[in-house]
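Engineer: Here it is: the structure, laid out below.
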Amino acid sequence: MALRATDLRNPSPAAIDRILRAADQGGATPAERQRIAEVERRYASGWSGAARGAWDRGVANLSRGPTMRARPSRGPAAEDLSSRMKTVWMPGLADPVQGVYVASMARLGAELGFHLVASAPPSVPMANIARYLTNATGLPVERLDQVVDIVREDEFSSVWGEDRHILTNATATRPVKVLVPPRVSDDTFTKAIAFTSDEGYHPYRDGFQGAVSDRREDVDARATARQLGREVINTRSYIEGGNLLGGTTSDGEAFALIGRDSLVLSAFHLDAQGAFSSRAVDAKVREMERSGRLTQRDVEVTAQKLALADRATSWWAPTSVNASHYREAAPFLAKLELTKDIIANDIDLPVDRVAFVTQPEFHIDMHMRPLAPGEILVQHPAACMQLIEEALADPRLQSWESNELRAMYQTAAEEQRVMGHVYDQIIREVEDAGLLAIPAPGVFSGYRLANFMNAVPGTTQNDQTYFLTNASSIKPLERAFERFVKALGVDRVEFLGGEGGGPRSYSASEESLELAGGLDCREVDHQGDRRPTNDLAAALRGWV
């Protein structure tokens, strides 16, 4: 990929060319210039004289005027500032918390230039929806009708729209497609969970993949596709949308970050489906041995994990690692590598543009977020501690906010002690993928939860960048995070779901985070634009 943080520490002229290439394609926007300045601030003190001179010449040669990046023609839809989303889909409008998020997104859609498709079960009268949205958004009837479409759904549809499918990039000649994961057996889930159970960081809290399959949400995904007029593609691998982050490199190519649990679960599923021929497995083992990617230590660790998987699904399995586990270890490692190829094919990307990263919890979209092209915000407890200190210095700080921030600081300090090395590892994995990893203050836990990583970045048609994220009742924390993101070149930050929060109550966003999901989990957005049949206008006119 185009931008390597290791290059930035003492870049060659070629590396500098990669850094500036996109901005040199017709000029840099003010936001791009801010990001260039941020790179310089972070790394330039360690550059050699030649690198410093090359950088200065490159920046000086940037022409003025806006730049328009070409959209990637393949791969998953971008979830970074390169996204110019036109449509946002939010299911489960009957849920009270979802209603708050939907109203906020409708208001922002009117300002930022996207339209919202929300769904509600037949039991909710359309007039009630119209009344609620009109009151909650403050938009006049005519404007609301232009921004919002309402479609009907099953009575018990989940609000977690992001997880049940993956959307592909859209171009002028290529419409969005909906990628739906397969159903996976209970036995496969059990094996995959057991296989990762000895990784001390992973069960730090809880959670694994599988809810989409368990809740049969492929049905909801297909219904969404029908209502939006989208083609459905069944993937061979099992990837929940929240465990994949799509983005754009600094040279305009698509990439994807995928949590490692999806790789493990997909490998067990594909193996159960007979997807790997013995010839392909043997060839991959030999290739890995020749390249030094298959060591005795790898075999030993994998054999132990396979023993855990066996014991989880068979009461008669051996109680310790035996010879069969050692025989199976190298072939299973080969199957993991072959699974990477299948996943890349499923999401229509070259395998070298798909990076599999360590995940400290449930889905990576709760701890990471693509920002500018080639940049990834990575939650880090050390960064959280710094932001909390900044929030504690806020002159408008209230006593209850101070108490809660100090509790959050203690939690972050403990997570840094226990998990800091894991987040450092994620940063290295992101950098190894050729991307710039930015340690970010994203996830906070104390008396209440806050999460700024589960967000929706994008750019309007007039080139204003924005970052939509979950609100916190602790306003000094919001203000400190807003300054952090704006320093990286974002023009506008919006916090959604803050209604109802206070010293003795949770906001809608905090209630959502208690259920292990936030704004990005509750919506699916893309750059395509096809409106479904809308019956909101009639209800609005009838009510008004």
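Numbering starts fresh at 1 for the residues of each chain in the structure tokens, the chains themselves are lettered A, B, ... in the order given, and ligands are numbered from 1 as they appear.
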Compile the contact shell of Ser119 in chain A as a list in words: residues with an atom at most 9 Å away, counting only C-alpha atoms, same-chain residues fewer than 2 positions apart removed.

Structural biologist: Trp89, Met90, Pro91, Gly92, Leu93, Ala94, Val117, Pro121, Asp149, Ile150, Val151, Arg152 and Glu153 of chain A

Engineer: Since we have the selection now, will you write its residues out, keeping N, CA and C atoms, as a CSV table (one decimal), in the first residue's frame?

Structural biologist:
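Ended up saving to selection-v8.csv:
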chain,number,residue,atom,x,y,z
A,89,TRP,N,-28.8,3.9,5.6
A,89,TRP,CA,-29.8,2.9,5.9
A,89,TRP,C,-29.8,2.7,7.4
A,90,MET,N,-30.9,2.9,8.1
A,90,MET,CA,-31.0,2.6,9.6
A,90,MET,C,-32.2,1.8,9.9
A,91,PRO,N,-32.1,0.5,10.3
A,91,PRO,CA,-33.2,-0.3,10.6
A,91,PRO,C,-33.7,-0.1,12.0
A,92,GLY,N,-34.9,-0.7,12.3
A,92,GLY,CA,-35.3,-0.8,13.7
A,92,GLY,C,-35.8,0.5,14.3
A,93,LEU,N,-36.5,1.3,13.5
A,93,LEU,CA,-36.9,2.7,14.0
A,93,LEU,C,-37.8,2.6,15.2
A,94,ALA,N,-38.5,1.4,15.5
A,94,ALA,CA,-39.4,1.3,16.6
A,94,ALA,C,-38.6,1.3,17.9
A,117,VAL,N,-32.7,6.4,4.7
A,117,VAL,CA,-33.8,5.3,4.6
A,117,VAL,C,-33.9,4.6,6.0
A,121,PRO,N,-41.4,-1.6,11.8
A,121,PRO,CA,-42.4,-2.7,11.6
A,121,PRO,C,-43.8,-2.2,11.3
A,149,ASP,N,-36.8,8.6,3.8
A,149,ASP,CA,-37.7,7.6,3.2
A,149,ASP,C,-38.0,6.5,4.3
A,150,ILE,N,-39.2,6.0,4.4
A,150,ILE,CA,-39.6,5.0,5.4
A,150,ILE,C,-40.0,3.7,4.6
A,151,VAL,N,-39.4,2.6,5.0
A,151,VAL,CA,-39.9,1.3,4.4
A,151,VAL,C,-40.2,0.4,5.6
A,152,ARG,N,-41.0,-0.6,5.3
A,152,ARG,CA,-41.4,-1.6,6.3
A,152,ARG,C,-40.5,-2.8,6.4
A,153,GLU,N,-40.5,-3.3,7.6
A,153,GLU,CA,-39.5,-4.4,7.9
A,153,GLU,C,-40.3,-5.5,8.8

Engineer: Got a sec: who's within 12 Å of range 181-189 of chain A, counting only C-alpha atoms, leaving out chain neighbours fewer than 2 positions off, as a ChimeraX atom specification?

Structural biologist: /A:163-167,178-179,191-196,207-222,232-241,261-262,264-273,309-314,343,346-347

Engineer: If you run DSSP on this backbone, which residues of range 157-273 of chain A come out as strand (DSSP E or B), and could you give them as a ChimeraX atom specification?

Structural biologist: /A:166-168,177-180,231-234,244-248,254-259

Engineer: Would you put the residues from that selection into a file with N, CA and C atoms, as a compact mmCIF listing (two decimals), in the first residue's frame?

Structural biologist:
# COMPACT_ATOMS: atom_id res chain seq x y z
N ILE A 166 -22.10 -6.47 4.05
CA ILE A 166 -21.04 -5.55 3.63
C ILE A 166 -21.46 -4.98 2.29
N LEU A 167 -21.31 -3.68 2.13
CA LEU A 167 -21.64 -3.04 0.86
C LEU A 167 -20.36 -2.80 0.06
N THR A 168 -20.46 -2.94 -1.25
CA THR A 168 -19.30 -2.70 -2.11
C THR A 168 -19.27 -1.24 -2.56
N LYS A 177 -23.35 -3.38 -4.39
CA LYS A 177 -23.80 -4.76 -4.19
C LYS A 177 -23.77 -5.09 -2.71
N VAL A 178 -24.62 -6.02 -2.29
CA VAL A 178 -24.76 -6.39 -0.89
C VAL A 178 -24.14 -7.77 -0.69
N LEU A 179 -23.10 -7.85 0.13
CA LEU A 179 -22.43 -9.12 0.42
C LEU A 179 -22.99 -9.68 1.72
N VAL A 180 -23.55 -10.87 1.65
CA VAL A 180 -24.21 -11.48 2.81
C VAL A 180 -23.44 -12.71 3.24
N GLU A 231 -28.24 -5.80 -5.78
CA GLU A 231 -27.90 -7.21 -6.01
C GLU A 231 -27.28 -7.81 -4.76
N VAL A 232 -27.67 -9.04 -4.43
CA VAL A 232 -27.12 -9.76 -3.28
C VAL A 232 -26.12 -10.80 -3.76
N ILE A 233 -24.97 -10.84 -3.09
CA ILE A 233 -23.96 -11.86 -3.36
C ILE A 233 -23.69 -12.62 -2.08
N ASN A 234 -23.76 -13.94 -2.15
CA ASN A 234 -23.47 -14.78 -0.99
C ASN A 234 -21.95 -15.01 -0.91
N LEU A 244 -15.13 -5.53 9.69
CA LEU A 244 -14.41 -5.11 8.49
C LEU A 244 -14.50 -3.60 8.38
N LEU A 245 -13.37 -2.97 8.15
CA LEU A 245 -13.32 -1.53 7.91
C LEU A 245 -12.72 -1.29 6.53
N GLY A 246 -13.50 -0.69 5.65
CA GLY A 246 -13.01 -0.37 4.32
C GLY A 246 -12.47 1.05 4.27
N GLY A 247 -11.45 1.26 3.48
CA GLY A 247 -10.87 2.58 3.37
C GLY A 247 -10.18 2.77 2.04
N THR A 248 -9.51 3.91 1.91
CA THR A 248 -8.81 4.27 0.69
C THR A 248 -7.38 4.65 1.04
N ALA A 254 -8.50 1.03 -2.91
CA ALA A 254 -9.29 0.50 -1.80
C ALA A 254 -8.47 -0.50 -0.98
N PHE A 255 -8.74 -0.55 0.32
CA PHE A 255 -8.16 -1.58 1.19
C PHE A 255 -9.21 -1.99 2.21
N ALA A 256 -8.93 -3.06 2.94
CA ALA A 256 -9.83 -3.51 4.00
C ALA A 256 -9.01 -3.99 5.19
N LEU A 257 -9.45 -3.62 6.38
CA LEU A 257 -8.94 -4.18 7.63
C LEU A 257 -9.99 -5.14 8.16
N ILE A 258 -9.58 -6.34 8.55
CA ILE A 258 -10.51 -7.36 9.04
C ILE A 258 -9.99 -7.92 10.35
N GLY A 259 -10.86 -8.02 11.33
CA GLY A 259 -10.49 -8.61 12.61
C GLY A 259 -10.16 -10.08 12.47

Engineer: Can you pull out the residues contacting range 462-472 of chain A? Cut-off 9 Å, using only C-alpha atoms, and skip same-chain residues under 2 positions away; I want them as a ChimeraX atom specification.

Structural biologist: /A:29,31,66,68,81-82,112,371,448-460,474-475,477-478,485,489-499,501,506-510,513,518-520

Engineer: With only C-alpha atoms as the basis for distance, which of A:Arg286, A:Arg230, A:Arg279, A:Lys305 is at the shortest distance from Glu199 in chain A?

Structural biologist: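 For Glu199 in chain A, the nearest of the given residues is A:Lys305.
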
Engineer: By how many Å are CA of Pro76 in chain A and CA of Ser158 in chain A apart?

Structural biologist: 22.2 Å

Engineer: To one decimal place in Å, what is the distance between CA of Trp315 in chain A and CA of Asp198 in chain A?

Structural biologist: 19.0 Å

Engineer: Mind giving me the straight-line distance from CA of Ser278 in chain A to CA of Val321 in chain A in Å, one decimal?

Structural biologist: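 Between CA of Ser278 in chain A and CA of Val321 in chain A the gap is 23.1 Å.
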
Engineer: Ser399 in chain A: which residues within 12 Å, counting only C-alpha atoms, same-chain residues fewer than 6 positions away excluded, as a list in words?

Structural biologist: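 Answer for this query is Leu392, Leu405, Arg406, Ile474, Pro476 and Pro503 of chain A.
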
Engineer: Between A:Pro122, A:Pro175, A:Pro370, A:Pro360, single out the one closest to Asp424 in chain A, counting only C-alpha atoms.

Structural biologist: A:Pro360
